[in-house]
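S.K.: The structure file input_1.txt (compact mmCIF, C-alpha atoms) is provided below.
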# COMPACT_ATOMS: atom_id res chain seq x y z
CA MET Z 133 0.00 0.00 0.00
CA ALA Z 134 1.58 3.25 -1.12
CA VAL Z 135 1.01 6.67 0.34
CA GLN Z 136 -0.92 8.88 -2.06
CA ASN Z 137 0.50 12.39 -2.11
CA ASN Z 138 -1.81 15.31 -1.48
CA SER Z 139 -4.50 13.14 0.07
CA LEU Z 140 -6.24 13.42 3.40
CA GLY Z 141 -7.74 10.52 5.34
CA TYR Z 142 -10.64 11.21 7.65
CA ILE Z 143 -11.42 8.70 10.35
CA ILE Z 144 -14.19 8.58 12.91
CA ILE Z 145 -15.34 6.17 15.56
CA ASP Z 146 -19.02 6.65 16.21
CA GLY Z 147 -20.70 5.37 19.31
CA SER Z 148 -24.24 5.47 20.54
CA GLU Z 149 -26.35 3.27 22.81
CA GLY Z 150 -23.48 0.93 23.65
CA GLN Z 151 -22.65 0.32 20.00
CA LEU Z 152 -19.50 1.41 18.18
CA ARG Z 153 -18.52 1.53 14.53
CA GLY Z 154 -15.78 3.22 12.59
CA ALA Z 155 -15.14 4.53 9.12
CA ALA Z 156 -12.40 6.11 7.06
CA LEU Z 157 -12.75 8.33 4.01
CA VAL Z 158 -9.67 9.13 1.97
CA THR Z 159 -10.03 12.18 -0.29
CA ASP Z 160 -7.85 14.09 -2.68
CA VAL Z 161 -7.15 17.75 -1.82
CA ARG Z 162 -10.40 18.76 -3.51
CA GLY Z 163 -12.43 16.56 -1.18
CA ILE Z 164 -13.19 13.97 -3.85
CA PRO Z 165 -13.36 10.46 -2.35
CA VAL Z 166 -10.70 7.97 -3.42
CA ASP Z 167 -11.36 5.28 -0.77
CA PHE Z 168 -14.01 4.55 1.87
CA ARG Z 169 -13.94 1.75 4.45
CA TYR Z 170 -16.09 1.03 7.48
CA THR Z 171 -16.67 -1.55 10.17
CA GLU Z 172 -19.91 -3.21 11.06
CA THR Z 173 -21.47 -2.07 14.31
CA ILE Z 174 -19.93 -3.71 17.36
CA LYS Z 175 -22.22 -4.23 20.33
CA PRO Z 176 -20.41 -5.76 23.31
CA THR Z 177 -22.22 -8.41 25.29
CA ARG Z 178 -22.93 -8.06 28.99
CA LEU Z 179 -20.19 -10.59 29.72
CA GLU Z 180 -17.65 -8.61 27.65
CA ARG Z 181 -18.61 -5.45 29.54
CA ILE Z 182 -17.97 -7.24 32.84
CA LEU Z 183 -14.69 -8.84 31.78
CA TYR Z 184 -13.18 -5.77 30.11
CA GLY Z 185 -14.51 -3.23 32.60
CA ASN Z 186 -13.21 0.30 31.99
CA ALA Z 187 -10.80 -0.98 29.31
CA LEU Z 188 -13.62 -2.02 26.98
CA ASP Z 189 -13.95 1.29 25.12
CA THR Z 190 -10.20 1.53 24.61
CA TYR Z 191 -10.03 -2.05 23.34
CA LEU Z 192 -12.96 -1.59 20.96
CA LYS Z 193 -11.81 1.77 19.61
CA GLU Z 194 -8.09 1.08 19.25
CA GLU Z 195 -7.73 -2.63 18.61
CA LEU Z 196 -10.92 -3.63 16.86
CA ILE Z 197 -12.18 -0.58 15.00
CA LEU Z 198 -9.15 1.66 14.37
CA GLN Z 199 -6.80 -1.15 13.36
CA SER Z 200 -9.46 -2.78 11.19
CA VAL Z 201 -10.26 0.39 9.26
CA LEU Z 202 -6.61 1.35 8.82
CA GLU Z 203 -5.71 -2.12 7.56
CA SER Z 204 -8.59 -2.15 5.08
CA VAL Z 205 -7.89 1.13 3.26
CA GLU Z 206 -6.22 0.57 -0.08
CA ILE Z 207 -4.99 4.13 -0.49
CA THR Z 208 -2.93 5.45 2.38
CA PRO Z 209 -3.29 9.22 2.75
CA GLN Z 210 -0.42 11.57 3.38
CA LEU Z 211 -2.20 12.79 6.53
CA TRP Z 212 -4.87 11.21 8.74
CA VAL Z 213 -7.41 13.58 10.30
CA CYS Z 214 -9.62 12.68 13.24
CA ASN Z 215 -12.09 14.57 15.43
CA ASP Z 216 -11.64 12.56 18.64
CA GLU Z 217 -8.73 13.18 20.99
CA ASP Z 218 -9.03 9.64 22.41
CA ILE Z 219 -7.89 8.12 19.11
CA LEU Z 220 -5.30 10.74 18.09
CA ASN Z 221 -2.18 9.07 19.52
CA PRO Z 222 -3.29 5.52 18.61
CA LEU Z 223 -4.07 6.77 15.10
CA LYS Z 224 -0.53 8.03 14.59
CA ILE Z 225 0.97 4.84 16.01
CA ASN Z 226 -1.20 2.48 13.94
CA ALA Z 227 -1.29 4.49 10.71
CA LYS Z 228 2.46 5.08 10.55
CA VAL Z 229 1.89 8.44 8.80
CA LYS Z 230 1.18 11.91 10.16
CA ALA Z 231 -2.02 12.47 12.12
CA VAL Z 232 -3.86 15.51 13.43
CA MET Z 233 -7.13 16.23 15.18
CA LEU Z 234 -9.20 19.05 13.66
CA SER Z 235 -12.00 20.87 15.41
CA ASN Z 236 -13.89 24.15 15.32
CA SER Z 237 -12.92 26.96 17.64
CA ASN Z 238 -14.29 30.20 19.03
CA HIS Z 239 -10.93 31.93 18.64
CA GLU Z 240 -10.82 35.32 16.97
CA PRO Z 241 -10.00 35.17 13.23
CA LEU Z 242 -6.29 35.35 12.44
CA GLU Z 243 -4.63 37.82 10.07
CA ALA Z 244 -5.00 35.93 6.79
CA ILE Z 245 -5.96 32.63 5.21
CA GLY Z 246 -3.21 30.10 5.82
CA HIS Z 247 -1.95 31.91 8.92
CA VAL Z 248 -0.95 29.56 11.75
CA GLU Z 249 -0.63 30.59 15.38
CA SER Z 250 0.63 28.50 18.28
CA THR Z 251 -1.24 28.32 21.56
CA SER Z 252 0.08 28.06 25.10
CA ASP Z 253 -0.41 24.27 24.88
CA PRO Z 254 2.35 22.32 23.10
CA GLY Z 255 1.12 20.62 19.94
CA ILE Z 256 -1.99 22.80 19.60
CA PHE Z 257 -2.31 25.48 16.92
CA TRP Z 258 -4.87 27.72 15.22
CA LEU Z 259 -5.15 27.60 11.43
CA GLN Z 260 -7.11 30.22 9.50
CA THR Z 261 -8.84 28.54 6.56
CA ASP Z 262 -11.27 31.22 5.38
CA LYS Z 263 -11.54 35.01 5.29
CA ALA Z 264 -13.92 35.72 8.15
CA GLY Z 265 -14.57 32.63 10.27
CA ALA Z 266 -12.82 31.42 13.37
CA PRO Z 267 -9.64 29.43 12.78
CA LEU Z 268 -9.62 25.66 13.12
CA LYS Z 269 -7.97 24.09 16.14
CA LEU Z 270 -5.19 21.64 15.23
CA THR Z 271 -4.07 19.15 17.85
CA PHE Z 272 -1.07 16.94 17.13
CA PRO Z 273 -0.13 13.67 18.84
CA SER Z 274 2.23 14.18 21.76
CA ASP Z 275 5.33 12.80 20.01
CA THR Z 276 4.96 14.73 16.74
CA ARG Z 277 8.18 16.36 15.56
CA ALA Z 278 8.21 20.00 14.42
CA ASP Z 279 8.95 19.03 10.79
CA GLU Z 280 5.95 16.65 10.79
CA MET Z 281 3.72 19.41 12.15
CA LYS Z 282 4.94 21.82 9.49
CA MET Z 283 4.32 19.31 6.71
CA ALA Z 284 0.82 18.52 8.03
CA VAL Z 285 -0.05 22.22 8.23
CA THR Z 286 1.19 22.67 4.65
CA ASN Z 287 -1.07 19.77 3.53
CA LEU Z 288 -4.06 21.29 5.32
CA ILE Z 289 -3.47 24.80 3.94
CA GLU Z 290 -3.24 23.38 0.42
CA ALA Z 291 -6.44 21.36 0.85
CA ALA Z 292 -8.30 24.30 2.43
CA LYS Z 293 -7.91 26.18 -0.86
CA THR Z 294 -10.30 23.77 -2.57
CA MET Z 295 -12.37 22.14 0.20
CA GLU Z 296 -13.87 22.72 3.62
CA LEU Z 297 -11.60 20.73 5.93
CA LEU Z 298 -14.21 19.57 8.46
CA GLU Z 299 -16.96 18.75 5.94
CA PRO Z 300 -15.86 15.13 5.23
CA PHE Z 301 -16.70 14.19 8.84
CA GLY Z 302 -20.35 14.98 8.07
CA ARG Z 303 -20.21 12.88 4.91
CA ILE Z 304 -18.87 9.91 6.86
CA GLN Z 305 -21.64 10.26 9.46
CA LYS Z 306 -24.28 10.36 6.71
CA ALA Z 307 -22.72 7.35 4.97
CA LEU Z 308 -22.76 5.34 8.21
CA LEU Z 309 -26.40 6.30 8.79
CA SER Z 310 -27.25 5.25 5.26
CA LEU Z 311 -25.51 1.90 5.76
CA ALA Z 312 -27.32 1.37 9.08
CA ASN Z 313 -30.62 1.97 7.27
CA GLY Z 314 -29.74 -0.75 4.77
CA GLU Z 315 -29.08 1.53 1.79
For this file, write the structure as structure tokens.
M.R.:
Amino acid sequence: MAVQNNSLGYIIIDGSEGQLRGAALVTDVRGIPVDFRYTETIKPTRLERILYGNALDTYLKEELILQSVLESVEITPQLWVCNDEDILNPLKINAKVKAVMLSNSNHEPLEAIGHVESTSDPGIFWLQTDKAGAPLKLTFPSDTRADEMKMAVTNLIEAAKTMELLEPFGRIQKALLSLANGE
């Protein structure tokens, strides 16, 4: 499996009512899908809940869902993007490519599109992706090197020119809902 340049991989683990499922959408920098993979819904039994205790969520998210989705993608993106801090570090470890968590913010807009500003927290930055809105919050895994961060930011700035960076998360959610409804 080769890494496809200028591609972003979006990954989510969705959980509701004691059920978890995951999905990954790999897009080019325009947001056009090039690969989509998902897991079936996993619903732990009462016995599994008892035996695993507090470690159950971690086991399901990291070892069953995350690893399964990452192993099934045929096109490895240059950068994986998630929206869940719990899977950020495991994502980087399992994916073996750069990873970042993206989220909305209430921060004041920065000077210009593409402007990046560090925060008081190590590994957390603001990235301005449009003219008037609040910047996105970028959170990197704890062991990310400065050159990896710079390269990831460059990838995101390039992609933001032609797509809305958070929008693929909504597409994945809708796709999982459609699959759950048997479509």
S.K.: Smallest atom-to-atom distance to Asp160 in chain Z: which of Z:Ala292, Z:Ala307, Z:Leu188, Z:Leu196, using only C-alpha atoms?
M.R.: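 Between Z:Ala292, Z:Ala307, Z:Leu188, Z:Leu196, the residue approaching Asp160 in chain Z most closely is Z:Ala292.
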S.K.: Rank Z:Leu152, Z:Leu183, Z:Leu270, Z:Val201 by their smallest atom-to-atom distance to Ala312 in chain Z, using all atoms listed in the file, and report the top residue only.
M.R.: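 Checking each candidate against Ala312 in chain Z, we get Z:Leu152 as the closest.
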S.K.: Which residue is closest to Thr294 in chain Z? Choose from Z:Gly147, Z:Pro241, Z:Gly154, Z:Gly163 and count all atoms listed in the file.
M.R.: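 That would be Z:Gly163, the residue with the smallest distance to Thr294 in chain Z.
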S.K.: For Gly265 in chain Z, find every residue with an atom within 12 Å (counting only C-alpha atoms), except residues of its own chain fewer than 6 positions away, and show them as number ranges by chain.
M.R.: Z: 236-245, 258-259, 296
S.K.: For Asp146 in chain Z, list every protein, DNA or RNA residue within 12 Å, evaluated using only C-alpha atoms, and leave out those in the same chain fewer than 5 positions away; present the list as a PyMOL selection string.
M.R.: chain Z and resi 151-156+170-174+189+192-193+197-198+214-216+219+301-302+304-309
S.K.: So that I can see what lies close to Asp167 in chain Z, please list as a CSV table (one decimal) with C-alpha atoms, in the coordinates of the input the residues with an atom at most 12 Å from it, counting only C-alpha atoms and leaving out residues fewer than 3 positions away in the same chain.
M.R.:
chain,number,residue,atom,x,y,z
Z,136,GLN,CA,-0.9,8.9,-2.1
Z,139,SER,CA,-4.5,13.1,0.1
Z,140,LEU,CA,-6.2,13.4,3.4
Z,141,GLY,CA,-7.7,10.5,5.3
Z,142,TYR,CA,-10.6,11.2,7.6
Z,143,ILE,CA,-11.4,8.7,10.4
Z,155,ALA,CA,-15.1,4.5,9.1
Z,156,ALA,CA,-12.4,6.1,7.1
Z,157,LEU,CA,-12.8,8.3,4.0
Z,158,VAL,CA,-9.7,9.1,2.0
Z,159,THR,CA,-10.0,12.2,-0.3
Z,160,ASP,CA,-7.8,14.1,-2.7
Z,163,GLY,CA,-12.4,16.6,-1.2
Z,164,ILE,CA,-13.2,14.0,-3.8
Z,170,TYR,CA,-16.1,1.0,7.5
Z,201,VAL,CA,-10.3,0.4,9.3
Z,202,LEU,CA,-6.6,1.4,8.8
Z,204,SER,CA,-8.6,-2.2,5.1
Z,205,VAL,CA,-7.9,1.1,3.3
Z,206,GLU,CA,-6.2,0.6,-0.1
Z,207,ILE,CA,-5.0,4.1,-0.5
Z,208,THR,CA,-2.9,5.4,2.4
Z,209,PRO,CA,-3.3,9.2,2.8
Z,304,ILE,CA,-18.9,9.9,6.9
S.K.: Could you work out an axis-aligned box for range 249-268 of chain Z, taking every atom the file lists and adding 4 Å on each side, and report centre and edge lengths in Å to one decimal, as JSON?
M.R.:
{"center_x": -6.1, "center_y": 28.2, "center_z": 15.2, "size_x": 24.9, "size_y": 23.1, "size_z": 27.8}
S.K.: For Lys293 in chain Z, which residue out of Z:Val161, Z:Leu179, Z:Met281, Z:Val166 is the nearest one, using only C-alpha atoms?
M.R.: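 Checking each of Z:Val161, Z:Leu179, Z:Met281, Z:Val166 against Lys293 in chain Z, counting only C-alpha atoms, the winner is Z:Val161.
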S.K.: With distances taken over only C-alpha atoms, which residue among Z:Gly246, Z:Arg303, Z:Pro254, Z:Pro176 lies nearest Glu290 in chain Z?
M.R.: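 That would be Z:Gly246, the residue with the smallest distance to Glu290 in chain Z.
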